[in-house]
file model08.tsv (TSV, C-alpha atoms (C1' of nucleotides))
chain	number	residue	atom	x	y	z
A	1	MET	CA	-71.13	125.90	255.96
A	2	LYS	CA	-70.08	125.18	252.39
A	3	ILE	CA	-67.33	122.78	251.33
A	4	ALA	CA	-66.16	122.71	247.72
A	5	THR	CA	-63.82	120.67	245.54
A	6	TRP	CA	-62.36	121.36	242.09
A	7	ASN	CA	-59.93	119.62	239.81
A	8	ILE	CA	-58.50	122.92	238.60
A	9	ASN	CA	-56.04	121.58	235.98
A	10	SER	CA	-53.23	124.07	236.82
A	11	VAL	CA	-53.81	126.51	239.67
A	12	ARG	CA	-51.51	129.09	238.07
A	13	THR	CA	-53.47	129.14	234.79
A	14	ARG	CA	-56.81	129.49	236.59
A	15	ILE	CA	-55.93	131.63	239.61
A	16	GLY	CA	-58.37	134.34	238.46
A	17	LEU	CA	-61.27	131.92	238.14
A	18	LEU	CA	-60.36	130.48	241.53
A	19	GLN	CA	-60.33	133.90	243.21
A	20	ASP	CA	-63.71	134.73	241.66
A	21	TYR	CA	-65.13	131.41	242.86
A	22	LEU	CA	-63.85	131.90	246.42
A	23	ARG	CA	-65.37	135.37	246.56
A	24	GLU	CA	-68.73	134.32	245.11
A	25	VAL	CA	-69.24	130.96	246.86
A	26	SER	CA	-67.17	131.63	249.98
A	27	PRO	CA	-66.70	127.98	251.02
A	28	GLU	CA	-65.24	127.32	254.46
A	29	PHE	CA	-63.01	124.66	252.85
A	30	MET	CA	-61.97	124.35	249.21
A	31	CYS	CA	-60.18	121.20	248.04
A	32	LEU	CA	-58.10	121.39	244.85
A	33	GLN	CA	-56.63	118.72	242.58
A	34	GLU	CA	-54.17	118.84	239.67
A	35	ILE	CA	-52.62	122.11	240.78
A	36	LYS	CA	-49.64	121.11	238.57
A	37	CYS	CA	-46.95	123.06	240.40
A	38	MET	CA	-44.35	122.72	243.09
A	39	ASN	CA	-45.06	124.21	246.52
A	40	GLN	CA	-42.74	127.17	245.90
A	41	ASP	CA	-44.69	128.09	242.74
A	42	PHE	CA	-48.14	127.97	244.38
A	43	PRO	CA	-49.93	131.37	244.27
A	44	PHE	CA	-50.09	131.81	248.05
A	45	ALA	CA	-50.38	135.63	247.85
A	46	GLU	CA	-53.44	135.54	245.57
A	47	ILE	CA	-55.12	132.95	247.81
A	48	GLU	CA	-54.41	135.10	250.85
A	49	GLN	CA	-55.94	138.12	249.07
A	50	ALA	CA	-59.15	136.12	248.76
A	51	GLY	CA	-59.10	135.46	252.52
A	52	TYR	CA	-57.77	131.91	252.59
A	53	LYS	CA	-54.83	129.96	253.91
A	54	ALA	CA	-53.45	127.20	251.66
A	55	TYR	CA	-52.12	123.76	252.63
A	56	VAL	CA	-50.32	122.42	249.58
A	57	SER	CA	-48.99	119.06	248.37
A	58	GLY	CA	-47.22	120.04	245.15
A	59	GLN	CA	-44.92	118.43	242.59
A	60	LYS	CA	-43.46	119.51	239.28
A	61	ALA	CA	-45.81	119.57	236.23
A	62	TYR	CA	-48.27	116.86	237.28
A	63	ASN	CA	-50.83	116.08	239.99
A	64	GLY	CA	-50.75	118.15	243.17
A	65	THR	CA	-53.52	118.70	245.73
A	66	ALA	CA	-54.33	121.46	248.20
A	67	ILE	CA	-56.85	122.55	250.80
A	68	LEU	CA	-57.81	126.22	251.12
A	69	THR	CA	-59.34	127.24	254.44
A	70	LYS	CA	-60.59	130.34	256.21
A	71	SER	CA	-59.00	129.02	259.41
A	72	GLU	CA	-56.07	126.89	260.56
A	73	LEU	CA	-55.79	123.13	260.14
A	74	SER	CA	-53.88	120.86	262.50
A	75	GLU	CA	-52.47	117.35	262.02
A	76	VAL	CA	-51.80	118.22	258.36
A	77	LEU	CA	-50.72	115.37	256.07
A	78	THR	CA	-49.32	116.06	252.57
A	79	ALA	CA	-49.00	112.42	251.49
A	80	LEU	CA	-51.24	109.39	251.82
A	81	PRO	CA	-49.66	107.04	254.38
A	82	ASP	CA	-48.03	103.98	252.70
A	83	SER	CA	-48.59	105.33	249.16
A	84	ALA	CA	-44.86	105.71	248.45
A	85	GLU	CA	-44.45	102.00	249.07
A	86	ALA	CA	-47.39	101.32	246.71
A	87	GLU	CA	-45.39	103.10	244.00
A	88	GLY	CA	-42.39	100.91	244.70
A	89	LEU	CA	-40.38	103.81	246.12
A	90	ALA	CA	-37.67	103.48	248.75
A	91	ALA	CA	-38.27	104.89	252.22
A	92	GLY	CA	-37.94	108.67	252.23
A	93	GLU	CA	-38.77	109.18	248.55
A	94	ASN	CA	-41.75	111.41	247.76
A	95	PRO	CA	-44.85	109.73	246.36
A	96	GLN	CA	-46.95	111.39	243.65
A	97	ALA	CA	-48.71	114.44	245.13
A	98	ARG	CA	-52.29	113.18	245.33
A	99	PHE	CA	-53.35	113.79	248.93
A	100	THR	CA	-53.77	116.62	251.45
A	101	ALA	CA	-55.59	116.25	254.78
A	102	GLY	CA	-55.99	118.05	258.08
A	103	LEU	CA	-58.10	118.39	261.22
A	104	THR	CA	-60.50	121.34	261.13
A	105	LYS	CA	-61.44	123.49	264.10
A	106	TYR	CA	-64.91	121.95	263.84
A	107	GLY	CA	-63.59	118.53	264.80
A	108	PHE	CA	-63.86	116.76	261.45
A	109	TYR	CA	-61.04	115.96	259.06
A	110	ILE	CA	-61.01	117.49	255.58
A	111	ILE	CA	-59.31	115.44	252.86
A	112	SER	CA	-58.47	116.35	249.23
A	113	VAL	CA	-57.61	113.44	246.91
A	114	TYR	CA	-56.56	113.01	243.30
A	115	VAL	CA	-56.96	109.28	242.70
A	116	PRO	CA	-54.64	107.83	240.01
A	117	ASN	CA	-56.33	107.64	236.59
A	118	GLY	CA	-55.19	104.07	235.87
A	119	ASN	CA	-55.21	104.24	232.07
A	120	PRO	CA	-54.21	102.52	229.93
A	121	PRO	CA	-55.29	99.37	231.76
A	122	LEU	CA	-54.91	96.54	229.30
A	123	LYS	CA	-51.68	96.82	227.31
A	124	GLN	CA	-49.18	94.29	228.56
A	125	PRO	CA	-47.04	94.29	230.47
A	126	GLU	CA	-45.70	97.71	231.44
A	127	SER	CA	-48.83	99.83	230.92
A	128	LYS	CA	-50.92	97.79	233.30
A	129	GLU	CA	-48.75	99.16	236.09
A	130	LYS	CA	-50.96	102.24	236.14
A	131	LEU	CA	-54.09	100.22	236.92
A	132	VAL	CA	-52.24	98.21	239.58
A	133	TYR	CA	-51.06	101.46	241.14
A	134	LYS	CA	-54.61	102.84	241.17
A	135	LEU	CA	-55.90	99.76	242.99
A	136	LYS	CA	-53.01	99.83	245.49
A	137	TRP	CA	-53.60	103.54	246.08
A	138	PHE	CA	-57.25	102.80	246.91
A	139	ASP	CA	-56.08	100.14	249.38
A	140	CYS	CA	-53.87	102.72	251.10
A	141	LEU	CA	-56.76	105.18	251.18
A	142	HIS	CA	-59.06	102.51	252.62
A	143	LYS	CA	-56.58	101.78	255.41
A	144	TYR	CA	-56.14	105.47	256.24
A	145	LEU	CA	-59.89	106.18	256.28
A	146	LYS	CA	-60.58	103.05	258.32
A	147	GLY	CA	-58.17	104.39	260.94
A	148	LEU	CA	-60.22	107.58	261.19
A	149	LYS	CA	-63.48	105.61	261.32
A	150	GLU	CA	-62.24	103.30	264.08
A	151	ALA	CA	-61.06	106.29	266.10
A	152	GLU	CA	-64.56	107.77	265.66
A	153	LYS	CA	-63.15	110.78	263.86
A	154	PRO	CA	-65.64	112.23	261.36
A	155	PHE	CA	-64.31	113.27	257.97
A	156	ILE	CA	-65.28	114.77	254.64
A	157	ILE	CA	-63.29	113.52	251.65
A	158	CYS	CA	-63.43	115.43	248.39
A	159	GLY	CA	-61.79	115.08	245.04
A	160	ASP	CA	-61.31	113.50	241.67
A	161	PHE	CA	-61.89	109.79	242.34
A	162	ASN	CA	-61.46	108.84	238.68
A	163	VAL	CA	-64.32	106.32	238.95
A	164	ILE	CA	-67.55	106.30	236.91
A	165	ILE	CA	-69.68	104.81	239.68
A	166	GLU	CA	-72.80	104.04	237.63
A	167	ASP	CA	-73.48	103.62	233.91
A	168	THR	CA	-75.74	106.68	234.03
A	169	ASP	CA	-72.74	108.79	235.14
A	170	VAL	CA	-71.36	108.87	231.57
A	171	TYR	CA	-72.89	109.77	228.23
A	172	ASN	CA	-71.99	106.46	226.57
A	173	PRO	CA	-71.02	103.71	229.05
A	174	ASP	CA	-70.37	101.12	226.33
A	175	ASN	CA	-67.38	103.20	225.17
A	176	TYR	CA	-65.81	102.83	228.60
A	177	ARG	CA	-66.17	99.15	229.55
A	178	THR	CA	-62.42	98.53	229.36
A	179	ASN	CA	-61.43	102.01	230.61
A	180	ALA	CA	-59.79	102.23	234.04
A	181	LEU	CA	-62.47	104.73	235.12
A	182	MET	CA	-65.14	102.03	234.80
A	183	LEU	CA	-63.51	98.59	235.04
A	184	PRO	CA	-65.42	96.30	237.43
A	185	GLU	CA	-62.44	95.87	239.77
A	186	VAL	CA	-62.11	99.66	240.08
A	187	ARG	CA	-65.79	100.21	240.74
A	188	THR	CA	-65.80	97.36	243.23
A	189	LYS	CA	-62.82	98.81	245.05
A	190	LEU	CA	-64.48	102.18	245.66
A	191	ASP	CA	-67.78	100.51	246.49
A	192	GLU	CA	-66.09	98.26	249.09
A	193	ILE	CA	-64.54	101.30	250.77
A	194	ALA	CA	-67.84	103.17	250.77
A	195	LYS	CA	-69.76	100.19	252.18
A	196	ASP	CA	-67.12	99.22	254.77
A	197	LEU	CA	-66.92	102.77	256.15
A	198	ASP	CA	-70.57	103.68	255.57
A	199	LEU	CA	-69.59	106.70	253.49
A	200	LEU	CA	-72.35	109.07	252.44
A	201	ASN	CA	-72.07	110.01	248.76
A	202	THR	CA	-73.44	113.51	249.15
A	203	PHE	CA	-74.35	114.30	245.56
A	204	LYS	CA	-76.02	110.95	244.89
A	205	THR	CA	-77.92	111.13	248.18
A	206	LEU	CA	-79.49	114.47	247.34
A	207	HIS	CA	-79.94	113.78	243.60
A	208	LYS	CA	-81.36	110.27	243.76
A	209	GLY	CA	-82.83	109.17	240.46
A	210	GLU	CA	-81.24	112.01	238.49
A	211	THR	CA	-78.89	110.82	235.78
A	212	HIS	CA	-76.35	112.20	233.34
A	213	LEU	CA	-75.18	114.95	235.67
A	214	TYR	CA	-71.49	115.43	235.02
A	215	SER	CA	-68.40	117.00	236.58
A	216	PHE	CA	-65.98	116.53	233.66
A	217	TRP	CA	-66.10	117.10	229.91
A	218	ASP	CA	-63.04	116.22	227.84
A	219	TYR	CA	-61.42	119.14	226.00
A	220	THR	CA	-61.37	117.13	222.75
A	221	MET	CA	-64.13	116.12	220.33
A	222	ARG	CA	-66.39	119.04	221.31
A	223	CYS	CA	-67.49	117.06	224.37
A	224	TRP	CA	-68.72	120.14	226.22
A	225	GLU	CA	-70.84	121.36	223.29
A	226	LYS	CA	-72.37	117.89	222.93
A	227	ASN	CA	-72.69	117.35	226.72
A	228	HIS	CA	-70.55	114.23	226.48
A	229	GLY	CA	-69.39	114.28	230.10
A	230	MET	CA	-68.88	112.03	233.06
A	231	LEU	CA	-69.26	112.25	236.85
A	232	ILE	CA	-65.89	111.41	238.41
A	233	ASP	CA	-65.59	114.03	241.17
A	234	ASP	CA	-67.29	113.33	244.49
A	235	ILE	CA	-67.71	114.46	248.10
A	236	PHE	CA	-68.22	111.75	250.74
A	237	MET	CA	-69.06	112.28	254.40
A	238	CYS	CA	-68.41	109.90	257.28
A	239	GLY	CA	-69.46	110.14	260.92
A	240	PHE	CA	-72.18	112.74	260.39
A	241	LYS	CA	-75.93	112.39	260.71
A	242	GLU	CA	-77.50	112.38	257.25
A	243	SER	CA	-79.60	115.37	258.36
A	244	ALA	CA	-76.37	117.39	258.60
A	245	LEU	CA	-76.23	117.41	254.80
A	246	LEU	CA	-78.33	120.29	253.50
A	247	ASN	CA	-77.38	120.66	249.85
A	248	ALA	CA	-75.07	119.32	247.15
A	249	LEU	CA	-74.56	120.81	243.72
A	250	ILE	CA	-72.32	120.98	240.68
A	251	ASP	CA	-71.12	124.37	239.45
A	252	LYS	CA	-71.64	123.49	235.79
A	253	ASP	CA	-71.42	127.15	234.71
A	254	MET	CA	-67.68	127.01	235.39
A	255	ARG	CA	-67.18	124.86	232.27
A	256	ALA	CA	-68.54	127.67	230.06
A	257	LYS	CA	-66.04	130.30	231.25
A	258	GLU	CA	-63.02	131.51	229.29
A	259	LYS	CA	-60.10	129.08	229.66
A	260	PRO	CA	-62.05	126.59	231.80
A	261	SER	CA	-60.71	123.53	233.55
A	262	ASP	CA	-62.03	120.29	232.03
A	263	HIS	CA	-63.60	119.64	235.48
A	264	VAL	CA	-66.09	121.86	237.34
A	265	PRO	CA	-66.38	122.40	241.10
A	266	LEU	CA	-68.77	120.48	243.34
A	267	GLN	CA	-70.00	121.92	246.60
A	268	ILE	CA	-72.01	120.77	249.58
A	269	GLU	CA	-73.66	122.66	252.39
A	270	ILE	CA	-73.76	121.19	255.89
A	271	THR	CA	-75.27	122.39	259.15
A	272	ASP	CA	-73.16	124.78	261.18
A	273	LEU	CA	-70.96	122.98	263.64
A	274	LYS	CA	-69.54	124.18	266.93
A	275	LYS	CA	-65.86	124.95	266.96
A	276	ILE	CA	-63.60	122.78	269.08
B	1	DA	C1'	-61.00	118.29	206.68
B	2	DT	C1'	-55.59	112.73	206.86
B	3	DG	C1'	-56.78	116.57	212.33
B	4	DG	C1'	-59.15	116.73	216.44
B	5	DT	C1'	-57.60	119.92	223.36
B	6	DC	C1'	-55.02	121.49	226.90
B	7	DG	C1'	-51.12	122.26	230.38
B	8	DA	C1'	-46.37	121.85	231.76
B	9	DC	C1'	-42.15	121.48	229.75
B	10	DT	C1'	-38.77	119.36	226.62
B	11	DC	C1'	-37.70	118.21	221.87
B	12	DT	C1'	-43.37	114.65	224.80
B	13	DC	C1'	-46.30	113.03	228.33
B	14	DG	C1'	-50.45	112.71	230.92
B	15	DA	C1'	-55.14	113.34	230.94
call {"tool": "encode", "arguments": {"input": "model08.tsv", "output": "structure tokens"}}
result
Amino acid sequence: MKIATWNINSVRTRIGLLQDYLREVSPEFMCLQEIKCMNQDFPFAEIEQAGYKAYVSGQKAYNGTAILTKSELSEVLTALPDSAEAEGLAAGENPQARFTAGLTKYGFYIISVYVPNGNPPLKQPESKEKLVYKLKWFDCLHKYLKGLKEAEKPFIICGDFNVIIEDTDVYNPDNYRTNALMLPEVRTKLDEIAKDLDLLNTFKTLHKGETHLYSFWDYTMRCWEKNHGMLIDDIFMCGFKESALLNALIDKDMRAKEKPSDHVPLQIEITDLKKI
DNA sequence: ATGGTCGACTCTCGA
């Protein structure tokens, strides 16, 4: 069974590439980020044509996550619990659309996240709010995932984590020391979650010792042509035996297509599981 | 060569 994730940077602009990908790779679950549309503007018909059902957390113009599945999900969530409060919103207001989750028929939860970018981090005082929000959002995510862990519910969480985990995950780490993707407090936050919950970083587990493998290349400054990229998209597993993970790869070819996203998909393959 | 990319959307922001 394959599970894929892609920061698509507008699902409406790249619906053709998405349909091609679904037909070629045929993942059981496909997590999307930055769909950049409201729910009513999501291309449900085109997704259905490709054989998938879509669970969508949309908003106007920015952000937006979704999960595409070949089967039904239950217990669907379209917002991260407590994240509205982390944004300083009143009860009942919608938080930024950065989270979709549901229970699969195989008994594990599938989660699609678009972690706040956090930049710019250092300008005082108003701009630092973005970094504070990123850290608070991670705290909310930690609490939610810990709830699953304590209930012994396995999960697979996919998405754009907006964290350069190691220096070798970016072409020039010294350019990013004060960037919110690499600040020590941001790295520490994700590392604490991963250690506390014993998350398996699927790509790093199967590509140990390999460096400078990227999932994102900025549109500007000819970054793609110069291979000036960074690895900021990840798939973590929790509650599975490590032997359940068979493969993990990055679909780098997707960055060379016409009208590409600035991110490429990642996919894993896991052992077939019995349906519940 | 005084710019540089892209997407959504409004007279600009976010990445």
call {"tool": "closest_residue", "arguments": {"input": "model08.tsv", "among": "A:Tyr106, A:Phe44, A:Phe203, A:Trp224", "to": "A:Val11", "atoms": "all atoms listed in the file"}}
result
A:Phe44
call {"tool": "interface_residues", "arguments": {"input": "model08.tsv", "of": "chain B", "to": "chain A", "cutoff": "10 Å", "atoms": "only C-alpha atoms (C1' of nucleotides)", "output": "PyMOL selection string"}}
result
chain B and resi 4-9+13-15
call {"tool": "atom_distance", "arguments": {"input": "model08.tsv", "atom1": "atom CA of A:Phe161", "atom2": "atom CA of A:Arg255"}}
result
18.9 Å
call {"tool": "closest_residue", "arguments": {"input": "model08.tsv", "among": "A:Lys153, A:Lys130, A:Arg187, A:His263", "to": "A:Met230", "atoms": "only C-alpha atoms"}}
result
A:His263
call {"tool": "atom_distance", "arguments": {"input": "model08.tsv", "atom1": "atom CA of A:Ile47", "atom2": "atom CA of A:Ser112"}}
result
17.0 Å
call {"tool": "residues_around", "arguments": {"input": "model08.tsv", "residues": "A:Asn179", "least_positions_apart": "3", "cutoff": "9 Å", "atoms": "all atoms listed in the file", "output": "PyMOL selection string"}}
result
chain A and resi 118-122+175-176+182-183
call {"tool": "residues_around", "arguments": {"input": "model08.tsv", "residues": "A:Glu166", "least_positions_apart": "3", "cutoff": "9 Å", "atoms": "all atoms listed in the file", "output": "list in words"}}
result
Val163, Asp169, Val170, Pro173, Met182, Arg187 and Leu231 of chain A
call {"tool": "atom_distance", "arguments": {"input": "model08.tsv", "atom1": "atom CA of A:Arg23", "atom2": "atom CA of A:Thr5"}}
result
14.8 Å
call {"tool": "closest_residue", "arguments": {"input": "model08.tsv", "among": "A:Met254, A:Arg177, A:Lys70, A:Tyr171", "to": "A:Cys223", "atoms": "all atoms listed in the file"}}
result
A:Tyr171
call {"tool": "residues_around", "arguments": {"input": "model08.tsv", "residues": "A:Leu68", "least_positions_apart": "4", "cutoff": "7 Å", "atoms": "all atoms listed in the file", "output": "PDB file with C-alpha atoms, in the coordinates of the input"}}
result
ATOM      1  CA  PHE A  29     -63.010 124.660 252.850  1.00  0.00           C
ATOM      2  CA  MET A  30     -61.970 124.350 249.210  1.00  0.00           C
ATOM      3  CA  CYS A  31     -60.180 121.200 248.040  1.00  0.00           C
ATOM      4  CA  TYR A  52     -57.770 131.910 252.590  1.00  0.00           C
ATOM      5  CA  LYS A  53     -54.830 129.960 253.910  1.00  0.00           C
ATOM      6  CA  ALA A  54     -53.450 127.200 251.660  1.00  0.00           C
ATOM      7  CA  TYR A  55     -52.120 123.760 252.630  1.00  0.00           C
TER       8      TYR A  55
END
call {"tool": "decode", "arguments": {"input": "model08.tsv", "residues": "chain B", "atoms": "C-alpha atoms (C1' of nucleotides)", "output": "PDB file, in the first residue's frame"}}
result
ATOM      1  C1'  DA B   1      20.782  43.353 -16.665  1.00  0.00           C
ATOM      2  C1'  DT B   2      18.808  48.447 -11.152  1.00  0.00           C
ATOM      3  C1'  DG B   3      15.353  42.650 -11.884  1.00  0.00           C
ATOM      4  C1'  DG B   4      14.970  38.206 -10.270  1.00  0.00           C
ATOM      5  C1'  DT B   5       8.950  33.352  -9.409  1.00  0.00           C
ATOM      6  C1'  DC B   6       4.543  32.050  -8.700  1.00  0.00           C
ATOM      7  C1'  DG B   7      -0.519  31.876  -7.188  1.00  0.00           C
ATOM      8  C1'  DA B   8      -4.661  34.090  -5.584  1.00  0.00           C
ATOM      9  C1'  DC B   9      -6.677  38.313  -5.768  1.00  0.00           C
ATOM     10  C1'  DT B  10      -6.771  43.342  -5.099  1.00  0.00           C
ATOM     11  C1'  DC B  11      -4.676  47.715  -6.339  1.00  0.00           C
ATOM     12  C1'  DT B  12      -0.467  43.141  -2.485  1.00  0.00           C
ATOM     13  C1'  DC B  13       0.580  39.306   0.316  1.00  0.00           C
ATOM     14  C1'  DG B  14       2.522  34.932   1.381  1.00  0.00           C
ATOM     15  C1'  DA B  15       5.813  31.710   0.299  1.00  0.00           C
TER      16       DA B  15
END
